[in-house]
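Here is work.cif, consisting of mmCIF, C-alpha atoms:
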data_final
loop_
_atom_site.group_PDB
_atom_site.id
_atom_site.type_symbol
_atom_site.label_atom_id
_atom_site.label_comp_id
_atom_site.auth_asym_id
_atom_site.auth_seq_id
_atom_site.Cartn_x
_atom_site.Cartn_y
_atom_site.Cartn_z
ATOM 1 C CA MET A 9 -19.150 -0.303 -23.158
ATOM 2 C CA ARG A 10 -16.385 0.010 -20.589
ATOM 3 C CA ASN A 11 -17.122 -0.378 -16.895
ATOM 4 C CA PRO A 12 -17.093 3.175 -15.424
ATOM 5 C CA THR A 13 -15.764 1.843 -12.100
ATOM 6 C CA ALA A 14 -12.765 0.240 -13.817
ATOM 7 C CA VAL A 15 -12.076 3.477 -15.725
ATOM 8 C CA TYR A 16 -12.298 5.447 -12.482
ATOM 9 C CA PHE A 17 -9.836 3.165 -10.667
ATOM 10 C CA THR A 18 -7.443 3.251 -13.618
ATOM 11 C CA ASN A 19 -7.362 7.050 -13.379
ATOM 12 C CA VAL A 20 -6.908 6.877 -9.598
ATOM 13 C CA ARG A 21 -3.948 4.520 -10.033
ATOM 14 C CA PHE A 22 -2.269 6.924 -12.482
ATOM 15 C CA PHE A 23 -2.826 9.850 -10.081
ATOM 16 C CA LEU A 24 -1.338 7.882 -7.174
ATOM 17 C CA ILE A 25 1.771 6.998 -9.188
ATOM 18 C CA LEU A 26 2.319 10.729 -9.749
ATOM 19 C CA LEU A 27 1.980 11.297 -5.996
ATOM 20 C CA VAL A 28 4.587 8.607 -5.284
ATOM 21 C CA VAL A 29 6.998 10.407 -7.626
ATOM 22 C CA LEU A 30 6.251 13.700 -5.838
ATOM 23 C CA VAL A 31 6.885 12.162 -2.399
ATOM 24 C CA ASN A 32 10.225 10.743 -3.477
ATOM 25 C CA LEU A 33 11.259 14.084 -4.952
ATOM 26 C CA LEU A 34 10.392 15.819 -1.677
ATOM 27 C CA LEU A 35 12.290 13.228 0.352
ATOM 28 C CA THR A 36 15.471 14.093 -1.556
ATOM 29 C CA LEU A 37 15.465 17.590 -0.015
ATOM 30 C CA PRO A 38 18.009 17.679 2.854
ATOM 31 C CA PRO A 39 16.729 18.650 5.395
ATOM 32 C CA LEU A 40 13.033 18.366 4.594
ATOM 33 C CA PRO A 41 11.337 21.780 5.056
ATOM 34 C CA GLU A 42 8.341 21.905 7.389
ATOM 35 C CA ALA A 43 5.937 22.630 4.528
ATOM 36 C CA ALA A 44 7.296 19.676 2.551
ATOM 37 C CA GLN A 45 6.945 17.473 5.643
ATOM 38 C CA ALA A 46 3.253 18.370 5.851
ATOM 39 C CA VAL A 47 2.759 17.481 2.174
ATOM 40 C CA VAL A 48 4.554 14.145 2.603
ATOM 41 C CA THR A 49 2.433 13.308 5.651
ATOM 42 C CA ALA A 50 -0.790 14.184 3.824
ATOM 43 C CA ILE A 51 0.144 11.990 0.863
ATOM 44 C CA PHE A 52 1.324 9.122 3.090
ATOM 45 C CA THR A 53 -2.010 9.206 4.917
ATOM 46 C CA PHE A 54 -3.956 7.949 1.927
ATOM 47 C CA HIS A 55 -1.758 7.066 -1.045
ATOM 48 C CA LEU A 56 -0.631 3.613 0.120
ATOM 49 C CA PRO A 57 -4.056 2.427 1.385
ATOM 50 C CA VAL A 58 -5.791 3.696 -1.750
ATOM 51 C CA PHE A 59 -3.158 2.223 -4.070
ATOM 52 C CA VAL A 60 -3.533 -1.151 -2.340
ATOM 53 C CA LEU A 61 -7.334 -0.873 -2.580
ATOM 54 C CA VAL A 62 -7.085 -0.206 -6.331
ATOM 55 C CA THR A 63 -4.721 -3.190 -6.682
ATOM 56 C CA GLY A 64 -7.278 -5.363 -4.921
ATOM 57 C CA TYR A 65 -10.039 -4.137 -7.205
ATOM 58 C CA PHE A 66 -8.118 -5.280 -10.280
ATOM 59 C CA ALA A 67 -7.547 -8.703 -8.663
ATOM 60 C CA LYS A 68 -11.230 -9.618 -8.971
ATOM 61 C CA LYS A 69 -11.680 -13.176 -10.241
ATOM 62 C CA TYR A 70 -7.889 -13.475 -10.360
ATOM 63 C CA TRP A 71 -7.761 -17.145 -9.389
ATOM 64 C CA GLN A 72 -10.535 -17.954 -11.847
ATOM 65 C CA THR A 73 -8.337 -17.099 -14.832
ATOM 66 C CA PRO A 74 -5.995 -19.638 -16.490
ATOM 67 C CA GLU A 75 -3.133 -17.093 -16.388
ATOM 68 C CA ALA A 76 -3.184 -16.808 -12.573
ATOM 69 C CA ALA A 77 -0.116 -18.997 -11.975
ATOM 70 C CA ALA A 78 1.813 -17.238 -14.747
ATOM 71 C CA GLY A 79 0.907 -13.894 -13.182
ATOM 72 C CA MET A 80 2.323 -14.992 -9.824
ATOM 73 C CA LEU A 81 5.511 -16.105 -11.555
ATOM 74 C CA ARG A 82 5.822 -12.686 -13.236
ATOM 75 C CA ILE A 83 5.550 -10.915 -9.877
ATOM 76 C CA ALA A 84 8.255 -13.175 -8.410
ATOM 77 C CA LEU A 85 10.573 -12.659 -11.392
ATOM 78 C CA GLN A 86 10.046 -8.872 -11.295
ATOM 79 C CA TYR A 87 11.022 -8.881 -7.635
ATOM 80 C CA LEU A 88 14.160 -10.952 -8.235
ATOM 81 C CA PHE A 89 15.212 -8.744 -11.165
ATOM 82 C CA PHE A 90 14.712 -5.375 -9.459
ATOM 83 C CA GLN A 91 16.056 -6.572 -6.108
ATOM 84 C CA THR A 92 19.251 -7.651 -7.876
ATOM 85 C CA LEU A 93 19.450 -4.438 -9.922
ATOM 86 C CA TYR A 94 18.898 -2.065 -7.007
ATOM 87 C CA SER A 95 21.261 -3.994 -4.746
ATOM 88 C CA VAL A 96 24.052 -3.835 -7.330
ATOM 89 C CA LEU A 97 23.453 -0.104 -7.873
ATOM 90 C CA ASP A 98 23.503 0.491 -4.134
ATOM 91 C CA LEU A 99 26.651 -1.539 -3.552
ATOM 92 C CA PHE A 100 28.670 0.179 -6.268
ATOM 93 C CA TRP A 101 27.090 3.636 -6.501
ATOM 94 C CA LEU A 102 24.352 4.762 -4.077
ATOM 95 C CA HIS A 103 25.814 3.391 -0.805
ATOM 96 C CA SER A 104 22.598 3.972 1.152
ATOM 97 C CA PRO A 105 23.200 3.892 4.932
ATOM 98 C CA GLY A 106 21.699 1.041 6.953
ATOM 99 C CA ILE A 107 20.818 -1.138 3.963
ATOM 100 C CA ARG A 108 21.342 -4.897 4.231
ATOM 101 C CA HIS A 109 21.423 -6.605 0.867
ATOM 102 C CA SER A 110 19.419 -9.822 0.854
ATOM 103 C CA PHE A 111 16.682 -11.332 -1.275
ATOM 104 C CA TRP A 112 14.698 -11.740 1.960
ATOM 105 C CA LEU A 113 14.778 -7.992 2.697
ATOM 106 C CA PRO A 114 13.040 -5.988 -0.076
ATOM 107 C CA TYR A 115 14.989 -2.926 -1.157
ATOM 108 C CA TRP A 116 13.080 0.365 -0.797
ATOM 109 C CA MET A 117 9.580 0.086 -2.377
ATOM 110 C CA LEU A 118 10.075 -3.478 -3.618
ATOM 111 C CA TRP A 119 8.127 -4.680 -0.573
ATOM 112 C CA PHE A 120 5.050 -3.858 -2.673
ATOM 113 C CA LEU A 121 5.900 -6.688 -5.077
ATOM 114 C CA THR A 122 6.320 -9.240 -2.294
ATOM 115 C CA ALA A 123 3.149 -7.921 -0.644
ATOM 116 C CA HIS A 124 1.240 -8.146 -3.938
ATOM 117 C CA PHE A 125 2.345 -11.761 -4.217
ATOM 118 C CA GLY A 126 1.275 -12.419 -0.633
ATOM 119 C CA TRP A 127 -2.099 -10.665 -0.982
ATOM 120 C CA LYS A 128 -3.049 -12.840 -3.926
ATOM 121 C CA LEU A 129 -2.047 -15.966 -2.029
ATOM 122 C CA LEU A 130 -4.069 -14.827 0.991
ATOM 123 C CA LEU A 131 -7.119 -14.422 -1.235
ATOM 124 C CA ILE A 132 -7.406 -18.208 -1.456
ATOM 125 C CA PRO A 133 -8.204 -18.842 2.244
ATOM 126 C CA PHE A 134 -9.787 -15.458 3.038
ATOM 127 C CA ALA A 135 -12.312 -15.647 0.183
ATOM 128 C CA ARG A 136 -13.843 -18.619 2.006
ATOM 129 C CA LEU A 137 -14.405 -16.717 5.261
ATOM 130 C CA LYS A 138 -17.757 -15.232 6.240
ATOM 131 C CA HIS A 139 -16.240 -11.878 7.279
ATOM 132 C CA PRO A 140 -12.913 -11.708 5.423
ATOM 133 C CA VAL A 141 -12.248 -7.964 5.814
ATOM 134 C CA ALA A 142 -12.825 -8.055 9.577
ATOM 135 C CA ALA A 143 -10.485 -11.057 9.870
ATOM 136 C CA ALA A 144 -7.867 -9.210 7.796
ATOM 137 C CA VAL A 145 -8.107 -6.158 10.080
ATOM 138 C CA LEU A 146 -7.435 -8.361 13.119
ATOM 139 C CA LEU A 147 -4.505 -9.982 11.315
ATOM 140 C CA GLY A 148 -3.100 -6.552 10.419
ATOM 141 C CA ALA A 149 -3.357 -5.428 14.058
ATOM 142 C CA ALA A 150 -1.614 -8.618 15.173
ATOM 143 C CA ALA A 151 1.250 -7.890 12.751
ATOM 144 C CA GLY A 152 2.456 -5.187 15.126
ATOM 145 C CA PHE A 153 3.471 -7.896 17.606
ATOM 146 C CA LEU A 154 5.989 -9.376 15.161
ATOM 147 C CA PRO A 155 9.659 -8.807 16.037
ATOM 148 C CA ALA A 156 11.381 -6.318 13.755
ATOM 149 C CA GLU A 157 13.458 -8.985 12.006
ATOM 150 C CA ALA A 158 10.466 -11.223 11.327
ATOM 151 C CA GLY A 159 8.315 -8.304 10.147
ATOM 152 C CA ALA A 160 10.970 -7.149 7.675
ATOM 153 C CA TRP A 161 11.213 -10.618 6.088
ATOM 154 C CA LEU A 162 9.833 -10.152 2.553
ATOM 155 C CA GLY A 163 7.876 -7.144 3.843
ATOM 156 C CA LEU A 164 5.652 -9.374 6.003
ATOM 157 C CA THR A 165 4.421 -6.640 8.367
ATOM 158 C CA ARG A 166 3.362 -4.338 5.534
ATOM 159 C CA THR A 167 1.758 -7.265 3.721
ATOM 160 C CA LEU A 168 -0.491 -7.963 6.698
ATOM 161 C CA VAL A 169 -1.117 -4.315 7.653
ATOM 162 C CA PHE A 170 -2.333 -3.318 4.184
ATOM 163 C CA PHE A 171 -4.134 -6.569 3.365
ATOM 164 C CA PRO A 172 -7.544 -5.239 4.595
ATOM 165 C CA PHE A 173 -7.357 -2.490 1.959
ATOM 166 C CA PHE A 174 -6.573 -5.070 -0.717
ATOM 167 C CA LEU A 175 -9.626 -7.089 0.335
ATOM 168 C CA ALA A 176 -11.785 -3.955 0.397
ATOM 169 C CA GLY A 177 -10.862 -3.329 -3.236
ATOM 170 C CA TYR A 178 -11.380 -6.985 -4.112
ATOM 171 C CA TYR A 179 -14.933 -6.885 -2.752
ATOM 172 C CA TRP A 180 -15.726 -3.450 -4.172
ATOM 173 C CA ARG A 181 -19.135 -3.690 -5.806
ATOM 174 C CA GLU A 182 -19.344 -3.072 -9.529
ATOM 175 C CA GLU A 183 -21.539 -0.187 -10.631
ATOM 176 C CA ARG A 184 -22.816 0.065 -14.150
ATOM 177 C CA GLU A 185 -23.823 3.677 -13.606
ATOM 178 C CA PRO A 186 -21.944 6.303 -11.576
ATOM 179 C CA ARG A 187 -23.416 6.740 -8.113
ATOM 180 C CA ARG A 188 -25.230 10.018 -7.572
ATOM 181 C CA ARG A 189 -24.766 11.128 -3.990
ATOM 182 C CA THR A 190 -27.393 13.134 -2.151
ATOM 183 C CA ALA A 191 -26.666 16.571 -0.724
ATOM 184 C CA PRO A 192 -26.298 15.241 2.879
ATOM 185 C CA GLN A 193 -23.847 12.587 1.646
ATOM 186 C CA ARG A 194 -21.760 15.211 -0.142
ATOM 187 C CA ARG A 195 -21.716 17.401 2.984
ATOM 188 C CA ALA A 196 -20.654 14.443 5.132
ATOM 189 C CA ILE A 197 -17.796 13.605 2.744
ATOM 190 C CA ARG A 198 -16.598 17.224 2.748
ATOM 191 C CA ALA A 199 -16.753 17.370 6.548
ATOM 192 C CA ALA A 200 -14.767 14.142 6.870
ATOM 193 C CA ALA A 201 -12.139 15.422 4.420
ATOM 194 C CA ALA A 202 -11.861 18.723 6.308
ATOM 195 C CA LEU A 203 -11.421 16.914 9.647
ATOM 196 C CA LEU A 204 -8.703 14.740 8.138
ATOM 197 C CA LEU A 205 -6.827 17.760 6.800
ATOM 198 C CA LEU A 206 -7.076 19.490 10.183
ATOM 199 C CA ALA A 207 -5.893 16.371 12.004
ATOM 200 C CA LEU A 208 -2.768 15.906 9.881
ATOM 201 C CA PRO A 209 -0.728 18.833 11.287
ATOM 202 C CA ALA A 210 -1.710 17.832 14.841
ATOM 203 C CA PHE A 211 -0.662 14.239 14.193
ATOM 204 C CA TRP A 212 2.646 15.322 12.648
ATOM 205 C CA HIS A 213 3.399 17.666 15.558
ATOM 206 C CA ALA A 214 2.353 15.236 18.322
ATOM 207 C CA ALA A 215 4.110 12.180 16.928
ATOM 208 C CA GLY A 216 7.145 13.884 15.433
ATOM 209 C CA ALA A 217 8.163 13.695 11.778
ATOM 210 C CA GLU A 218 10.076 10.413 11.953
ATOM 211 C CA THR A 219 7.515 8.580 14.117
ATOM 212 C CA ALA A 220 4.590 9.815 12.018
ATOM 213 C CA ALA A 221 6.249 8.507 8.865
ATOM 214 C CA GLN A 222 6.819 5.123 10.552
ATOM 215 C CA TRP A 223 3.154 4.859 11.569
ATOM 216 C CA LEU A 224 1.869 5.720 8.104
ATOM 217 C CA ALA A 225 4.332 3.440 6.284
ATOM 218 C CA GLY A 226 2.930 0.420 8.156
ATOM 219 C CA GLY A 227 6.217 -1.440 8.403
ATOM 220 C CA SER A 228 7.137 -1.047 12.081
ATOM 221 C CA SER A 229 6.276 -3.151 15.113
ATOM 222 C CA TYR A 230 4.681 -1.697 18.234
ATOM 223 C CA ALA A 231 8.048 -2.029 19.988
ATOM 224 C CA GLN A 232 9.796 -0.020 17.261
ATOM 225 C CA LEU A 233 7.125 2.681 17.505
ATOM 226 C CA GLY A 234 7.597 2.837 21.250
ATOM 227 C CA VAL A 235 3.949 2.309 22.180
ATOM 228 C CA PRO A 236 2.209 -0.350 24.297
ATOM 229 C CA ALA A 237 0.609 -3.118 22.230
ATOM 230 C CA ALA A 238 -2.886 -2.160 23.471
ATOM 231 C CA ALA A 239 -2.426 1.430 22.227
ATOM 232 C CA GLY A 240 -1.006 0.268 18.897
ATOM 233 C CA THR A 241 -3.941 -1.975 18.118
#
As structure tokens, please, write out the structure in this file.
Amino acid sequence: MRNPTAVYFTNVRFFLILLVVLVNLLLTLPPLPEAAQAVVTAIFTFHLPVFVLVTGYFAKKYWQTPEAAAGMLRIALQYLFFQTLYSVLDLFWLHSPGIRHSFWLPYWMLWFLTAHFGWKLLLIPFARLKHPVAAAVLLGAAAGFLPAEAGAWLGLTRTLVFFPFFLAGYYWREEREPRRRTAPQRRAIRAAAALLLLALPAFWHAAGAETAAQWLAGGSSYAQLGVPAAAGT
């Protein structure tokens, strides 16, 4: 009998991949209409953290398997292959503005591969800590102090910022039976979702489209975001 939690997270991962495709289609619209901006912001709010959480869930007992080292090698080879492919396409065809071609600077979404590699390496020391998720949150907050150049190196800032979500998925408790929530729990979840949806337009308007996207992408330093370090953390 298949684990219902694993089936659930597999379906969530497929749904999130569809959302990533939708976001990239919307971002090709020049200029981005206001309604499309709201959709992109809403998706950005949760799709990366949830995708990282799902990735962490499927990393359970990763270092206890004999194929762990081979898996790390596959991630590294995938990064080298796609980084080379996308860089060649960009040099001779796409000509994206502001792109620097280097194996140390992941092209577009390839930071996820370097981050995935880093998250699995970080599992080794963090799994020995008493409060690993809390330590990861502090590390993610500290990532905002990194200079822009250092944070961009192999997607280091994003690796640290999203690592708490990876750990949350890694420590997600297995459930043999689906959890049945009580009526108050369901009402609380609906209220939280409604507040989030109401907060999104206010956040987009207050921060501005470009700044909001930078915050949600998790790859910018506090200096780049133009906020004091105390406010950023």
Can you pull out the residues contacting A:Ala151? Cut-off 8 Å, using only C-alpha atoms, and skip same-chain residues under 4 positions away; I want them as an mmCIF file with C-alpha atoms, in the frame of the given file.
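Contents of result_9.cif, as written:
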data_model
loop_
_atom_site.group_PDB
_atom_site.id
_atom_site.type_symbol
_atom_site.label_atom_id
_atom_site.label_comp_id
_atom_site.auth_asym_id
_atom_site.auth_seq_id
_atom_site.Cartn_x
_atom_site.Cartn_y
_atom_site.Cartn_z
ATOM 1 C CA LEU A 147 -4.505 -9.982 11.315
ATOM 2 C CA GLY A 159 8.315 -8.304 10.147
ATOM 3 C CA THR A 165 4.421 -6.640 8.367
ATOM 4 C CA LEU A 168 -0.491 -7.963 6.698
ATOM 5 C CA VAL A 169 -1.117 -4.315 7.653
ATOM 6 C CA SER A 229 6.276 -3.151 15.113
#
Quiz prompt | One-decimal distance in Å that lies between atom CA of A:Leu102 and atom CA of A:Glu157 | solution =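 That distance, rounded to one decimal, is 23.8 Å.
Shortest separation to A:Phe120 among A:Leu56, A:Leu93, A:Val141, A:Leu154 occurs at residue A:Leu56, atoms counted being all atoms listed in the file.
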Quiz item: For A:Ile83, which residue out of A:Gly163, A:Gly126, A:Pro39, A:Gly152 is the nearest one, using all atoms listed in the file?
Solution: A:Gly126
Quiz item: Separation of atom CA of A:Val60 and atom CA of A:Arg166, in Å?
Solution: 10.9 Å
Exercise. Could you tell me which residues the PyMOL selection byres ((chain A and resi 125) around 10) returns for this structure, as a VMD selection string?
Key: chain A and resid 79 to 84 87 119 to 124 126 to 130 167
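The space between atom CA of A:Leu99 and atom CA of A:Phe111 spans 14.2 Å.
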Quiz prompt | Counting only C-alpha atoms, the option among A:Val47, A:Ala150, A:Tyr65, A:Thr190 closest to A:Arg21 | solution = A:Tyr65
Hey, can I get the axis-aligned box for stretch 81-100 of chain A? All listed atoms, 3 Å padding on each side, centre and edge lengths in Å to one decimal, as JSON.
{"center_x": 17.1, "center_y": -7.8, "center_z": -8.4, "size_x": 29.2, "size_y": 22.6, "size_z": 15.7}
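Shell of A:Pro172 at 6 Å, with only C-alpha atoms counted and residues fewer than 3 places along the chain excluded, is Val141, Ala144, Val145 and Leu175 of chain A.
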Wanna dump the stretch 99-185 of chain A-stretch 61-64 of chain A contacts at 8 Å for me, each residue with its shortest atom pair and the distance in Å to one decimal, counting only C-alpha atoms, ordered by chain and number, as a tab-separated table?
residue	atom	partner	partner_atom	distance
A:Phe173	CA	A:Leu61	CA	4.8
A:Phe174	CA	A:Gly64	CA	4.3
A:Leu175	CA	A:Gly64	CA	6.0
A:Ala176	CA	A:Leu61	CA	6.2
A:Gly177	CA	A:Leu61	CA	4.3
A:Tyr178	CA	A:Gly64	CA	4.5
Quiz prompt | Hits of the PyMOL selection byres ((chain A and resi 27) around 12) in this structure, as a PyMOL selection string | solution = chain A and resi 20-26+28-34+47-56+58-59
Practice problem: Up to 10 Å from (17.4, -2.8, 0.6) in the file's coordinates: name the residues, counting all atoms listed in the file, as number ranges by chain. | Solution: A: 91-92, 94-95, 98, 104-119
